[in-house]
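Text of input.cif, listed as mmCIF, C-alpha atoms, pLDDT in the B column; chains and numbers go by the auth columns:
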data_my_file
#
loop_
_atom_site.group_PDB
_atom_site.id
_atom_site.type_symbol
_atom_site.label_atom_id
_atom_site.label_comp_id
_atom_site.label_asym_id
_atom_site.label_seq_id
_atom_site.Cartn_x
_atom_site.Cartn_y
_atom_site.Cartn_z
_atom_site.B_iso_or_equiv
_atom_site.auth_seq_id
_atom_site.auth_asym_id
ATOM 1 C CA MET A 1 -15.306 -8.107 -4.603 54.00 1 A
ATOM 2 C CA GLU A 2 -15.491 -8.288 -0.842 66.00 2 A
ATOM 3 C CA ILE A 3 -12.142 -8.829 0.840 63.00 3 A
ATOM 4 C CA LYS A 4 -12.230 -9.986 4.449 84.00 4 A
ATOM 5 C CA SER A 5 -8.500 -9.974 5.136 93.00 5 A
ATOM 6 C CA VAL A 6 -5.685 -7.819 3.787 94.00 6 A
ATOM 7 C CA LEU A 7 -2.955 -10.202 4.892 96.00 7 A
ATOM 8 C CA ILE A 8 -0.621 -11.431 2.170 97.00 8 A
ATOM 9 C CA LYS A 9 -1.370 -15.073 3.003 96.00 9 A
ATOM 10 C CA ASP A 10 -5.091 -14.445 2.437 95.00 10 A
ATOM 11 C CA THR A 11 -4.891 -12.458 -0.802 95.00 11 A
ATOM 12 C CA THR A 12 -3.751 -12.768 -4.375 95.00 12 A
ATOM 13 C CA ARG A 13 -1.553 -10.194 -6.064 95.00 13 A
ATOM 14 C CA GLU A 14 -4.605 -8.869 -7.937 94.00 14 A
ATOM 15 C CA GLU A 15 -6.535 -8.487 -4.683 93.00 15 A
ATOM 16 C CA ARG A 16 -3.613 -6.626 -3.109 93.00 16 A
ATOM 17 C CA ILE A 17 -3.572 -4.200 -6.043 90.00 17 A
ATOM 18 C CA GLN A 18 -7.295 -3.636 -5.526 88.00 18 A
ATOM 19 C CA ILE A 19 -6.801 -3.142 -1.770 89.00 19 A
ATOM 20 C CA VAL A 20 -4.132 -0.498 -2.385 86.00 20 A
ATOM 21 C CA GLU A 21 -6.227 1.264 -5.029 81.00 21 A
ATOM 22 C CA GLN A 22 -9.301 1.316 -2.788 81.00 22 A
ATOM 23 C CA GLY A 23 -7.303 2.553 0.178 79.00 23 A
ATOM 24 C CA LEU A 24 -5.671 5.337 -1.772 73.00 24 A
ATOM 25 C CA ASN A 25 -9.005 6.390 -3.216 67.00 25 A
ATOM 26 C CA GLN A 26 -9.981 7.500 0.296 60.00 26 A
ATOM 27 C CA CYS A 27 -8.053 10.734 -0.143 61.00 27 A
ATOM 28 C CA GLY A 28 -10.503 11.899 -2.761 59.00 28 A
ATOM 29 C CA GLY A 29 -9.548 10.634 -6.152 56.00 29 A
ATOM 30 C CA ALA A 30 -7.328 8.682 -8.436 57.00 30 A
ATOM 31 C CA CYS A 31 -3.582 8.695 -7.999 58.00 31 A
ATOM 32 C CA ASP A 32 -2.905 9.639 -11.618 59.00 32 A
ATOM 33 C CA PHE A 33 -0.679 12.715 -11.604 55.00 33 A
ATOM 34 C CA CYS A 34 -1.054 13.035 -7.832 60.00 34 A
ATOM 35 C CA ASN A 35 2.133 13.375 -5.831 56.00 35 A
ATOM 36 C CA GLY A 36 0.464 13.684 -2.435 57.00 36 A
ATOM 37 C CA CYS A 37 2.331 10.739 -0.928 56.00 37 A
ATOM 38 C CA ASP A 38 5.585 12.089 -2.324 54.00 38 A
ATOM 39 C CA ASN A 39 4.838 15.483 -0.776 52.00 39 A
ATOM 40 C CA LEU A 40 4.383 13.735 2.570 52.00 40 A
ATOM 41 C CA GLY A 41 7.740 12.006 2.214 50.00 41 A
ATOM 42 C CA GLY A 42 6.448 8.583 1.222 51.00 42 A
ATOM 43 C CA GLY A 43 7.742 8.607 -2.312 55.00 43 A
ATOM 44 C CA SER A 44 5.731 7.604 -5.325 62.00 44 A
ATOM 45 C CA VAL A 45 2.654 5.527 -4.643 64.00 45 A
ATOM 46 C CA ASP A 46 3.833 2.796 -7.000 66.00 46 A
ATOM 47 C CA ALA A 47 7.100 2.355 -5.142 78.00 47 A
ATOM 48 C CA PHE A 48 5.587 2.901 -1.711 81.00 48 A
ATOM 49 C CA TYR A 49 3.118 -0.008 -1.804 89.00 49 A
ATOM 50 C CA GLN A 50 5.007 -2.286 -4.193 93.00 50 A
ATOM 51 C CA PRO A 51 6.430 -4.472 -1.393 95.00 51 A
ATOM 52 C CA TYR A 52 2.867 -5.260 -0.291 96.00 52 A
ATOM 53 C CA ILE A 53 1.656 -5.906 -3.808 95.00 53 A
ATOM 54 C CA ASP A 54 4.643 -8.209 -4.384 96.00 54 A
ATOM 55 C CA GLY A 55 3.918 -10.085 -1.145 97.00 55 A
ATOM 56 C CA GLU A 56 7.096 -8.962 0.613 96.00 56 A
ATOM 57 C CA LYS A 57 5.697 -6.764 3.414 96.00 57 A
ATOM 58 C CA GLU A 58 2.312 -6.528 5.073 96.00 58 A
ATOM 59 C CA LEU A 59 0.382 -3.257 4.879 92.00 59 A
ATOM 60 C CA ARG A 60 0.786 -2.855 8.624 93.00 60 A
ATOM 61 C CA GLU A 61 4.573 -3.033 8.296 93.00 61 A
ATOM 62 C CA ILE A 62 4.629 -0.411 5.554 89.00 62 A
ATOM 63 C CA ASN A 63 2.354 1.916 7.494 84.00 63 A
ATOM 64 C CA MET A 64 4.417 1.517 10.678 88.00 64 A
ATOM 65 C CA GLU A 65 7.642 2.261 8.782 84.00 65 A
ATOM 66 C CA TYR A 66 6.022 5.298 7.211 78.00 66 A
ATOM 67 C CA LYS A 67 4.924 6.584 10.588 77.00 67 A
ATOM 68 C CA SER A 68 8.207 5.891 12.398 79.00 68 A
ATOM 69 C CA HIS A 69 10.405 7.317 9.660 69.00 69 A
ATOM 70 C CA THR A 70 8.210 10.283 8.824 58.00 70 A
ATOM 71 C CA GLY A 71 7.353 8.793 5.487 50.00 71 A
ATOM 72 C CA LEU A 72 10.559 7.124 4.387 52.00 72 A
ATOM 73 C CA VAL A 73 10.025 3.441 3.645 52.00 73 A
ATOM 74 C CA ARG A 74 13.051 1.294 2.806 54.00 74 A
#

Target format structure tokens, applied to this file:
Amino acid sequence: MEIKSVLIKDTTREERIQIVEQGLNQCGGACDFCNGCDNLGGGSVDAFYQPYIDGEKELREINMEYKSHTGLVR
């Protein structure tokens, strides 16, 4: 499936899950049993990107919060 926009208004929940999974796959593998994001201070991957998946925060917002708070997203 080709996704042209990652904005919440342009995606379904299922597409947002796919976007997160594809983006996280860039680090070299599946997230199963990986705590890389937690080691970097971001917390568990499930919790970290859940606001985007649920349509509450855009990816850009989450990434900016991560960067400005050295990984802590609230």

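Distance-wise, CA of Arg13 in chain A and CA of Met64 in chain A end up 21.3 Å apart.
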
To verify the selection step, state as a short mmCIF file (atom, residue, chain, number, x, y, z; two decimals) with C-alpha atoms, in the frame of the given file which residues the PyMOL selection byres ((chain A and resi 6) around 10) yields on this input.
data_model
loop_
_atom_site.label_atom_id
_atom_site.label_comp_id
_atom_site.auth_asym_id
_atom_site.auth_seq_id
_atom_site.Cartn_x
_atom_site.Cartn_y
_atom_site.Cartn_z
CA ILE A 3 -12.14 -8.83 0.84
CA LYS A 4 -12.23 -9.99 4.45
CA SER A 5 -8.50 -9.97 5.14
CA LEU A 7 -2.96 -10.20 4.89
CA ILE A 8 -0.62 -11.43 2.17
CA LYS A 9 -1.37 -15.07 3.00
CA ASP A 10 -5.09 -14.44 2.44
CA THR A 11 -4.89 -12.46 -0.80
CA THR A 12 -3.75 -12.77 -4.38
CA GLU A 15 -6.54 -8.49 -4.68
CA ARG A 16 -3.61 -6.63 -3.11
CA ILE A 19 -6.80 -3.14 -1.77
CA VAL A 20 -4.13 -0.50 -2.38
CA TYR A 52 2.87 -5.26 -0.29
CA GLU A 58 2.31 -6.53 5.07
CA LEU A 59 0.38 -3.26 4.88
CA ARG A 60 0.79 -2.86 8.62
#

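Atom pair CA of Ser68 in chain A / CA of Glu56 in chain A: separated by 19.0 Å.
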
Residues at most 9 Å from Ile62 in chain A, counting only C-alpha atoms, excluding those fewer than 6 positions away in the same chain, as a ChimeraX atom specification?
/A:48-49,51-52,73

Write range 53-65 of chain A as a PDB file, in the coordinates of the input, completed to N, CA, C and O atoms.
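Output file selection_3.pdb is given in full below:
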ATOM      1  N   ILE A  53       2.203  -5.296  -2.596  1.00 95.00           N
ATOM      2  CA  ILE A  53       1.656  -5.906  -3.808  1.00 95.00           C
ATOM      3  C   ILE A  53       2.456  -7.147  -4.192  1.00 95.00           C
ATOM      4  O   ILE A  53       1.896  -8.161  -4.586  1.00 95.00           O
ATOM      5  N   ASP A  54       3.769  -7.079  -4.041  1.00 96.00           N
ATOM      6  CA  ASP A  54       4.643  -8.209  -4.384  1.00 96.00           C
ATOM      7  C   ASP A  54       4.664  -9.302  -3.309  1.00 96.00           C
ATOM      8  O   ASP A  54       5.332 -10.320  -3.480  1.00 96.00           O
ATOM      9  N   GLY A  55       3.975  -9.077  -2.196  1.00 97.00           N
ATOM     10  CA  GLY A  55       3.918 -10.085  -1.145  1.00 97.00           C
ATOM     11  C   GLY A  55       5.137 -10.112  -0.249  1.00 97.00           C
ATOM     12  O   GLY A  55       5.408 -11.121   0.399  1.00 97.00           O
ATOM     13  N   GLU A  56       5.870  -9.016  -0.183  1.00 96.00           N
ATOM     14  CA  GLU A  56       7.096  -8.962   0.613  1.00 96.00           C
ATOM     15  C   GLU A  56       6.887  -8.366   2.002  1.00 96.00           C
ATOM     16  O   GLU A  56       7.601  -8.729   2.944  1.00 96.00           O
ATOM     17  N   LYS A  57       5.968  -7.417   2.135  1.00 96.00           N
ATOM     18  CA  LYS A  57       5.697  -6.764   3.414  1.00 96.00           C
ATOM     19  C   LYS A  57       4.200  -6.582   3.568  1.00 96.00           C
ATOM     20  O   LYS A  57       3.510  -6.259   2.609  1.00 96.00           O
ATOM     21  N   GLU A  58       3.722  -6.760   4.792  1.00 96.00           N
ATOM     22  CA  GLU A  58       2.312  -6.528   5.073  1.00 96.00           C
ATOM     23  C   GLU A  58       2.030  -5.025   5.088  1.00 96.00           C
ATOM     24  O   GLU A  58       2.938  -4.224   5.349  1.00 96.00           O
ATOM     25  N   LEU A  59       0.777  -4.661   4.837  1.00 92.00           N
ATOM     26  CA  LEU A  59       0.382  -3.257   4.879  1.00 92.00           C
ATOM     27  C   LEU A  59       0.736  -2.627   6.225  1.00 92.00           C
ATOM     28  O   LEU A  59       1.212  -1.495   6.287  1.00 92.00           O
ATOM     29  N   ARG A  60       0.498  -3.369   7.284  1.00 93.00           N
ATOM     30  CA  ARG A  60       0.786  -2.855   8.624  1.00 93.00           C
ATOM     31  C   ARG A  60       2.260  -2.478   8.760  1.00 93.00           C
ATOM     32  O   ARG A  60       2.605  -1.456   9.339  1.00 93.00           O
ATOM     33  N   GLU A  61       3.140  -3.315   8.228  1.00 93.00           N
ATOM     34  CA  GLU A  61       4.573  -3.033   8.296  1.00 93.00           C
ATOM     35  C   GLU A  61       4.912  -1.743   7.549  1.00 93.00           C
ATOM     36  O   GLU A  61       5.683  -0.918   8.043  1.00 93.00           O
ATOM     37  N   ILE A  62       4.357  -1.605   6.364  1.00 89.00           N
ATOM     38  CA  ILE A  62       4.629  -0.411   5.554  1.00 89.00           C
ATOM     39  C   ILE A  62       4.128   0.832   6.268  1.00 89.00           C
ATOM     40  O   ILE A  62       4.829   1.845   6.351  1.00 89.00           O
ATOM     41  N   ASN A  63       2.918   0.754   6.804  1.00 84.00           N
ATOM     42  CA  ASN A  63       2.354   1.916   7.494  1.00 84.00           C
ATOM     43  C   ASN A  63       3.139   2.264   8.752  1.00 84.00           C
ATOM     44  O   ASN A  63       3.339   3.443   9.057  1.00 84.00           O
ATOM     45  N   MET A  64       3.610   1.257   9.482  1.00 88.00           N
ATOM     46  CA  MET A  64       4.417   1.517  10.678  1.00 88.00           C
ATOM     47  C   MET A  64       5.754   2.159  10.307  1.00 88.00           C
ATOM     48  O   MET A  64       6.217   3.075  10.975  1.00 88.00           O
ATOM     49  N   GLU A  65       6.383   1.674   9.240  1.00 84.00           N
ATOM     50  CA  GLU A  65       7.642   2.261   8.782  1.00 84.00           C
ATOM     51  C   GLU A  65       7.425   3.713   8.357  1.00 84.00           C
ATOM     52  O   GLU A  65       8.228   4.581   8.665  1.00 84.00           O
TER      53      GLU A  65
END
